[in-house]
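Read through the structure below, which is laid out as structure tokens, and then see the notes.
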Amino acid sequence: MKLRKILIADDEPNIRLLVSNILSKNYIVLKAADGEEAVDVVRSQKPDLILMDVMMPKLDGYAACHIVKTDQTTKAIPVVMLTGFGHELNKKLATAVGADGYITKPFNSADLLDTISQFLK
């Protein structure tokens, strides 16, 4: 079975490492440190799922998600927003830019894996 690719876009190296450690047994993990890099990786690698932090330099997660979701070649890729804020407004913004799901930090590995498996059925 071909391993699926997941992009983790987060400006915090420890979050990228943590998520990579959780996912690397079952998925190919791609990484981006900011929104611009995330968009480049999505266009070049076509991951099966994107985990996108909201607060990032260069392009925030909302802007990067909007770019991915308005591009004909990448719009079908599920985007799950990662954020330290669980506010309803943030969820509305994430939905407005086309995000498919939402995880609030801190999260545990079971929640993360459950959310990913919902989108990669």
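The chains in the structure tokens are called A, B, ... from first to last as shown; in each chain the residues are counted from 1, and the ligands are counted from 1 in the order shown.
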
Among chain A, which residues does DSSP mark as strand (DSSP E) when it is run on the backbone? Keep the chain and numbering as in the structure and answer as a ChimeraX atom specification.
/A:4-9,27-32,49-53,79-83,101-104

Since we have the selection now, will you write its residues out, keeping N, CA and C atoms, as a PDB file, in the first residue's frame?
ATOM      1  N   ARG A   4       0.464   7.580   2.298  1.00  0.00           N
ATOM      2  CA  ARG A   4      -0.088   8.883   1.945  1.00  0.00           C
ATOM      3  C   ARG A   4       0.779   9.985   2.523  1.00  0.00           C
ATOM      4  N   LYS A   5       0.748  11.140   1.856  1.00  0.00           N
ATOM      5  CA  LYS A   5       1.577  12.276   2.263  1.00  0.00           C
ATOM      6  C   LYS A   5       0.747  13.290   3.037  1.00  0.00           C
ATOM      7  N   ILE A   6       1.307  13.729   4.170  1.00  0.00           N
ATOM      8  CA  ILE A   6       0.667  14.761   4.973  1.00  0.00           C
ATOM      9  C   ILE A   6       1.664  15.897   5.149  1.00  0.00           C
ATOM     10  N   LEU A   7       1.203  17.121   4.867  1.00  0.00           N
ATOM     11  CA  LEU A   7       2.027  18.304   5.089  1.00  0.00           C
ATOM     12  C   LEU A   7       1.672  18.905   6.434  1.00  0.00           C
ATOM     13  N   ILE A   8       2.692  19.131   7.270  1.00  0.00           N
ATOM     14  CA  ILE A   8       2.496  19.875   8.508  1.00  0.00           C
ATOM     15  C   ILE A   8       3.129  21.253   8.304  1.00  0.00           C
ATOM     16  N   ALA A   9       2.283  22.282   8.305  1.00  0.00           N
ATOM     17  CA  ALA A   9       2.740  23.660   8.134  1.00  0.00           C
ATOM     18  C   ALA A   9       2.588  24.374   9.472  1.00  0.00           C
ATOM     19  N   TYR A  27       2.569   7.580   7.678  1.00  0.00           N
ATOM     20  CA  TYR A  27       2.456   8.539   6.585  1.00  0.00           C
ATOM     21  C   TYR A  27       3.826   9.086   6.201  1.00  0.00           C
ATOM     22  N   ILE A  28       3.930   9.596   4.984  1.00  0.00           N
ATOM     23  CA  ILE A  28       5.091  10.386   4.585  1.00  0.00           C
ATOM     24  C   ILE A  28       4.791  11.804   5.061  1.00  0.00           C
ATOM     25  N   VAL A  29       5.678  12.365   5.881  1.00  0.00           N
ATOM     26  CA  VAL A  29       5.436  13.682   6.461  1.00  0.00           C
ATOM     27  C   VAL A  29       6.280  14.736   5.739  1.00  0.00           C
ATOM     28  N   LEU A  30       5.588  15.733   5.200  1.00  0.00           N
ATOM     29  CA  LEU A  30       6.237  16.890   4.577  1.00  0.00           C
ATOM     30  C   LEU A  30       6.127  18.040   5.564  1.00  0.00           C
ATOM     31  N   LYS A  31       7.085  18.970   5.540  1.00  0.00           N
ATOM     32  CA  LYS A  31       7.068  20.058   6.517  1.00  0.00           C
ATOM     33  C   LYS A  31       7.247  21.414   5.847  1.00  0.00           C
ATOM     34  N   ALA A  32       6.598  22.419   6.420  1.00  0.00           N
ATOM     35  CA  ALA A  32       6.770  23.798   5.994  1.00  0.00           C
ATOM     36  C   ALA A  32       6.780  24.679   7.236  1.00  0.00           C
ATOM     37  N   LEU A  49      -3.219  15.424   2.564  1.00  0.00           N
ATOM     38  CA  LEU A  49      -3.853  16.191   3.629  1.00  0.00           C
ATOM     39  C   LEU A  49      -2.871  17.265   4.086  1.00  0.00           C
ATOM     40  N   ILE A  50      -3.405  18.407   4.518  1.00  0.00           N
ATOM     41  CA  ILE A  50      -2.576  19.494   5.031  1.00  0.00           C
ATOM     42  C   ILE A  50      -3.021  19.833   6.451  1.00  0.00           C
ATOM     43  N   LEU A  51      -2.060  19.849   7.372  1.00  0.00           N
ATOM     44  CA  LEU A  51      -2.298  20.353   8.727  1.00  0.00           C
ATOM     45  C   LEU A  51      -1.680  21.742   8.750  1.00  0.00           C
ATOM     46  N   MET A  52      -2.506  22.770   8.886  1.00  0.00           N
ATOM     47  CA  MET A  52      -2.068  24.153   8.706  1.00  0.00           C
ATOM     48  C   MET A  52      -2.251  24.969   9.981  1.00  0.00           C
ATOM     49  N   ASP A  53      -1.131  25.458  10.528  1.00  0.00           N
ATOM     50  CA  ASP A  53      -1.198  26.361  11.678  1.00  0.00           C
ATOM     51  C   ASP A  53      -1.828  27.675  11.222  1.00  0.00           C
ATOM     52  N   VAL A  79      -7.783  20.450   4.133  1.00  0.00           N
ATOM     53  CA  VAL A  79      -6.954  21.291   4.998  1.00  0.00           C
ATOM     54  C   VAL A  79      -7.569  21.286   6.391  1.00  0.00           C
ATOM     55  N   VAL A  80      -6.765  20.895   7.383  1.00  0.00           N
ATOM     56  CA  VAL A  80      -7.191  20.928   8.786  1.00  0.00           C
ATOM     57  C   VAL A  80      -6.370  22.015   9.465  1.00  0.00           C
ATOM     58  N   MET A  81      -7.059  23.025   9.994  1.00  0.00           N
ATOM     59  CA  MET A  81      -6.382  24.136  10.658  1.00  0.00           C
ATOM     60  C   MET A  81      -5.980  23.732  12.081  1.00  0.00           C
ATOM     61  N   LEU A  82      -4.756  24.102  12.459  1.00  0.00           N
ATOM     62  CA  LEU A  82      -4.263  23.891  13.820  1.00  0.00           C
ATOM     63  C   LEU A  82      -4.155  25.256  14.473  1.00  0.00           C
ATOM     64  N   THR A  83      -4.731  25.397  15.637  1.00  0.00           N
ATOM     65  CA  THR A  83      -4.623  26.697  16.293  1.00  0.00           C
ATOM     66  C   THR A  83      -4.646  26.574  17.801  1.00  0.00           C
ATOM     67  N   GLY A 101     -11.398  21.145   8.290  1.00  0.00           N
ATOM     68  CA  GLY A 101     -11.478  20.735   9.684  1.00  0.00           C
ATOM     69  C   GLY A 101     -10.648  21.658  10.555  1.00  0.00           C
ATOM     70  N   TYR A 102     -10.636  21.364  11.852  1.00  0.00           N
ATOM     71  CA  TYR A 102     -10.100  22.283  12.837  1.00  0.00           C
ATOM     72  C   TYR A 102      -9.644  21.497  14.050  1.00  0.00           C
ATOM     73  N   ILE A 103      -8.407  21.696  14.486  1.00  0.00           N
ATOM     74  CA  ILE A 103      -7.905  21.074  15.720  1.00  0.00           C
ATOM     75  C   ILE A 103      -7.322  22.184  16.592  1.00  0.00           C
ATOM     76  N   THR A 104      -7.703  22.207  17.867  1.00  0.00           N
ATOM     77  CA  THR A 104      -7.188  23.206  18.799  1.00  0.00           C
ATOM     78  C   THR A 104      -5.979  22.646  19.541  1.00  0.00           C
TER      79      THR A 104
END

Residue neighbourhood stretch 107-111 of chain A, 10 Å, only C-alpha atoms, exclusion window fewer than 2 positions, as a list in words:
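Listed by chain and then number, they are Leu18, Val19, Asn21, Ile22, Leu23, Leu82, Thr83, Gly84, Ile103, Thr104, Lys105, Leu113, Asp114, Thr115, Ile116 and Ser117 of chain A.
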
Atom-to-atom span, atom CA of A:Glu12 and atom CA of A:Thr95, Å
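So the answer is 23.2 Å.
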
If you run DSSP on the backbone, which residues of stretch 50-104 of chain A are helix (DSSP H, G or I), as a short mmCIF file (atom, residue, chain, number, x, y, z; two decimals) with all heavy atoms, in the first residue's frame?
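Listed below is the output, selection_4.cif:
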data_model
loop_
_atom_site.label_atom_id
_atom_site.label_comp_id
_atom_site.auth_asym_id
_atom_site.auth_seq_id
_atom_site.Cartn_x
_atom_site.Cartn_y
_atom_site.Cartn_z
N GLY A 61 -2.07 31.05 8.14
CA GLY A 61 -2.75 29.84 7.71
C GLY A 61 -4.02 30.09 6.92
O GLY A 61 -4.34 29.36 5.98
N TYR A 62 -4.74 31.15 7.27
CA TYR A 62 -5.97 31.48 6.54
C TYR A 62 -5.64 31.83 5.08
O TYR A 62 -6.29 31.34 4.15
CB TYR A 62 -6.71 32.65 7.18
CG TYR A 62 -7.20 32.41 8.59
CD1 TYR A 62 -6.89 33.29 9.61
CD2 TYR A 62 -7.99 31.29 8.89
CE1 TYR A 62 -7.36 33.08 10.91
CE2 TYR A 62 -8.45 31.07 10.19
CZ TYR A 62 -8.13 31.97 11.19
OH TYR A 62 -8.59 31.76 12.47
N ALA A 63 -4.63 32.68 4.89
CA ALA A 63 -4.25 33.10 3.54
C ALA A 63 -3.73 31.91 2.73
O ALA A 63 -4.09 31.73 1.56
CB ALA A 63 -3.21 34.22 3.60
N ALA A 64 -2.87 31.11 3.35
CA ALA A 64 -2.32 29.94 2.66
C ALA A 64 -3.43 28.95 2.29
O ALA A 64 -3.46 28.41 1.18
CB ALA A 64 -1.26 29.26 3.53
N CYS A 65 -4.37 28.73 3.20
CA CYS A 65 -5.50 27.84 2.95
C CYS A 65 -6.33 28.37 1.78
O CYS A 65 -6.73 27.61 0.88
CB CYS A 65 -6.36 27.70 4.20
SG CYS A 65 -7.80 26.62 4.00
N HIS A 66 -6.58 29.66 1.77
CA HIS A 66 -7.36 30.28 0.70
C HIS A 66 -6.69 30.06 -0.66
O HIS A 66 -7.36 29.72 -1.64
CB HIS A 66 -7.55 31.78 0.98
CG HIS A 66 -8.33 32.48 -0.08
ND1 HIS A 66 -9.69 32.30 -0.23
CD2 HIS A 66 -7.94 33.32 -1.07
CE1 HIS A 66 -10.10 33.02 -1.27
NE2 HIS A 66 -9.06 33.66 -1.79
N ILE A 67 -5.37 30.23 -0.72
CA ILE A 67 -4.62 30.02 -1.97
C ILE A 67 -4.76 28.57 -2.43
O ILE A 67 -5.04 28.30 -3.60
CB ILE A 67 -3.14 30.41 -1.79
CG1 ILE A 67 -3.02 31.93 -1.62
CG2 ILE A 67 -2.30 29.92 -2.97
CD1 ILE A 67 -1.66 32.41 -1.15
N VAL A 68 -4.58 27.63 -1.50
CA VAL A 68 -4.68 26.20 -1.83
C VAL A 68 -6.09 25.87 -2.33
O VAL A 68 -6.27 25.16 -3.32
CB VAL A 68 -4.33 25.32 -0.60
CG1 VAL A 68 -4.71 23.86 -0.81
CG2 VAL A 68 -2.84 25.45 -0.28
N LYS A 69 -7.09 26.41 -1.65
CA LYS A 69 -8.49 26.06 -1.97
C LYS A 69 -9.03 26.76 -3.21
O LYS A 69 -10.07 26.36 -3.74
CB LYS A 69 -9.39 26.36 -0.76
CG LYS A 69 -9.18 25.38 0.38
CD LYS A 69 -9.46 23.96 -0.08
CE LYS A 69 -9.55 22.99 1.07
NZ LYS A 69 -9.98 21.66 0.61
N THR A 70 -8.35 27.82 -3.69
CA THR A 70 -8.82 28.49 -4.90
C THR A 70 -8.00 28.08 -6.13
O THR A 70 -8.27 28.53 -7.23
CB THR A 70 -8.80 30.03 -4.74
OG1 THR A 70 -7.51 30.44 -4.31
CG2 THR A 70 -9.85 30.47 -3.73
N GLU A 88 -14.92 30.66 18.45
CA GLU A 88 -15.87 30.46 17.34
C GLU A 88 -15.51 31.30 16.12
O GLU A 88 -15.65 30.86 15.00
CB GLU A 88 -17.31 30.78 17.79
CG GLU A 88 -17.90 29.73 18.71
CD GLU A 88 -17.85 28.32 18.14
OE1 GLU A 88 -18.26 28.12 16.98
OE2 GLU A 88 -17.38 27.41 18.84
N LEU A 89 -15.02 32.52 16.36
CA LEU A 89 -14.66 33.39 15.24
C LEU A 89 -13.57 32.73 14.38
O LEU A 89 -13.63 32.76 13.16
CB LEU A 89 -14.17 34.75 15.75
CG LEU A 89 -13.66 35.72 14.66
CD1 LEU A 89 -14.80 36.06 13.69
CD2 LEU A 89 -13.09 36.98 15.27
N ASN A 90 -12.56 32.14 15.05
CA ASN A 90 -11.49 31.48 14.30
C ASN A 90 -12.03 30.32 13.48
O ASN A 90 -11.60 30.09 12.36
CB ASN A 90 -10.41 30.97 15.25
CG ASN A 90 -9.57 32.10 15.81
OD1 ASN A 90 -9.98 33.25 15.75
ND2 ASN A 90 -8.42 31.79 16.34
N LYS A 91 -12.99 29.58 14.04
CA LYS A 91 -13.59 28.47 13.30
C LYS A 91 -14.35 29.00 12.08
O LYS A 91 -14.29 28.43 11.00
CB LYS A 91 -14.51 27.66 14.20
CG LYS A 91 -13.75 26.90 15.28
CD LYS A 91 -14.67 26.11 16.19
CE LYS A 91 -13.86 25.45 17.29
NZ LYS A 91 -14.69 24.78 18.27
N LYS A 92 -15.05 30.12 12.27
CA LYS A 92 -15.79 30.72 11.14
C LYS A 92 -14.82 31.19 10.06
O LYS A 92 -15.07 31.00 8.87
CB LYS A 92 -16.63 31.90 11.63
CG LYS A 92 -17.86 31.49 12.40
CD LYS A 92 -18.77 32.69 12.68
CE LYS A 92 -20.05 32.29 13.36
NZ LYS A 92 -19.94 32.29 14.83
N LEU A 93 -13.70 31.82 10.47
CA LEU A 93 -12.70 32.26 9.50
C LEU A 93 -12.10 31.07 8.76
O LEU A 93 -11.93 31.12 7.54
CB LEU A 93 -11.58 33.04 10.20
CG LEU A 93 -11.87 34.48 10.56
CD1 LEU A 93 -10.78 35.03 11.48
CD2 LEU A 93 -11.98 35.34 9.31
N ALA A 94 -11.79 30.02 9.49
CA ALA A 94 -11.21 28.82 8.87
C ALA A 94 -12.18 28.25 7.83
O ALA A 94 -11.78 27.89 6.72
CB ALA A 94 -10.88 27.78 9.94
N THR A 95 -13.45 28.19 8.18
CA THR A 95 -14.46 27.68 7.27
C THR A 95 -14.61 28.61 6.06
O THR A 95 -14.72 28.16 4.92
CB THR A 95 -15.82 27.55 7.99
OG1 THR A 95 -15.63 26.71 9.14
CG2 THR A 95 -16.87 26.91 7.10
N ALA A 96 -14.54 29.91 6.31
CA ALA A 96 -14.69 30.90 5.24
C ALA A 96 -13.59 30.79 4.18
O ALA A 96 -13.84 31.02 3.00
CB ALA A 96 -14.70 32.32 5.82
#

Counting only C-alpha atoms, which residue out of A:Asp11, A:Asp48, A:Asp40, A:Asp34 sits closest to A:Ile77?
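Looking at the shortest contact to A:Ile77, the residue is A:Asp48.
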
For atom CA of A:Leu17 and atom CA of A:Leu59, determine how far apart the two atoms are, in Å to one decimal place.
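Atom CA of A:Leu17 sits 20.8 Å away from atom CA of A:Leu59.
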
Just give me the gap between atom CA of A:Gln45 and atom CA of A:Thr73 in Å, one decimal is fine.
11.4 Å

For A:Ala33, which of A:Ile15, A:Lys121, A:Leu3, A:Pro47 is the closest residue, counting only C-alpha atoms?
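Checking each of A:Ile15, A:Lys121, A:Leu3, A:Pro47 against A:Ala33, counting only C-alpha atoms, the winner is A:Ile15.
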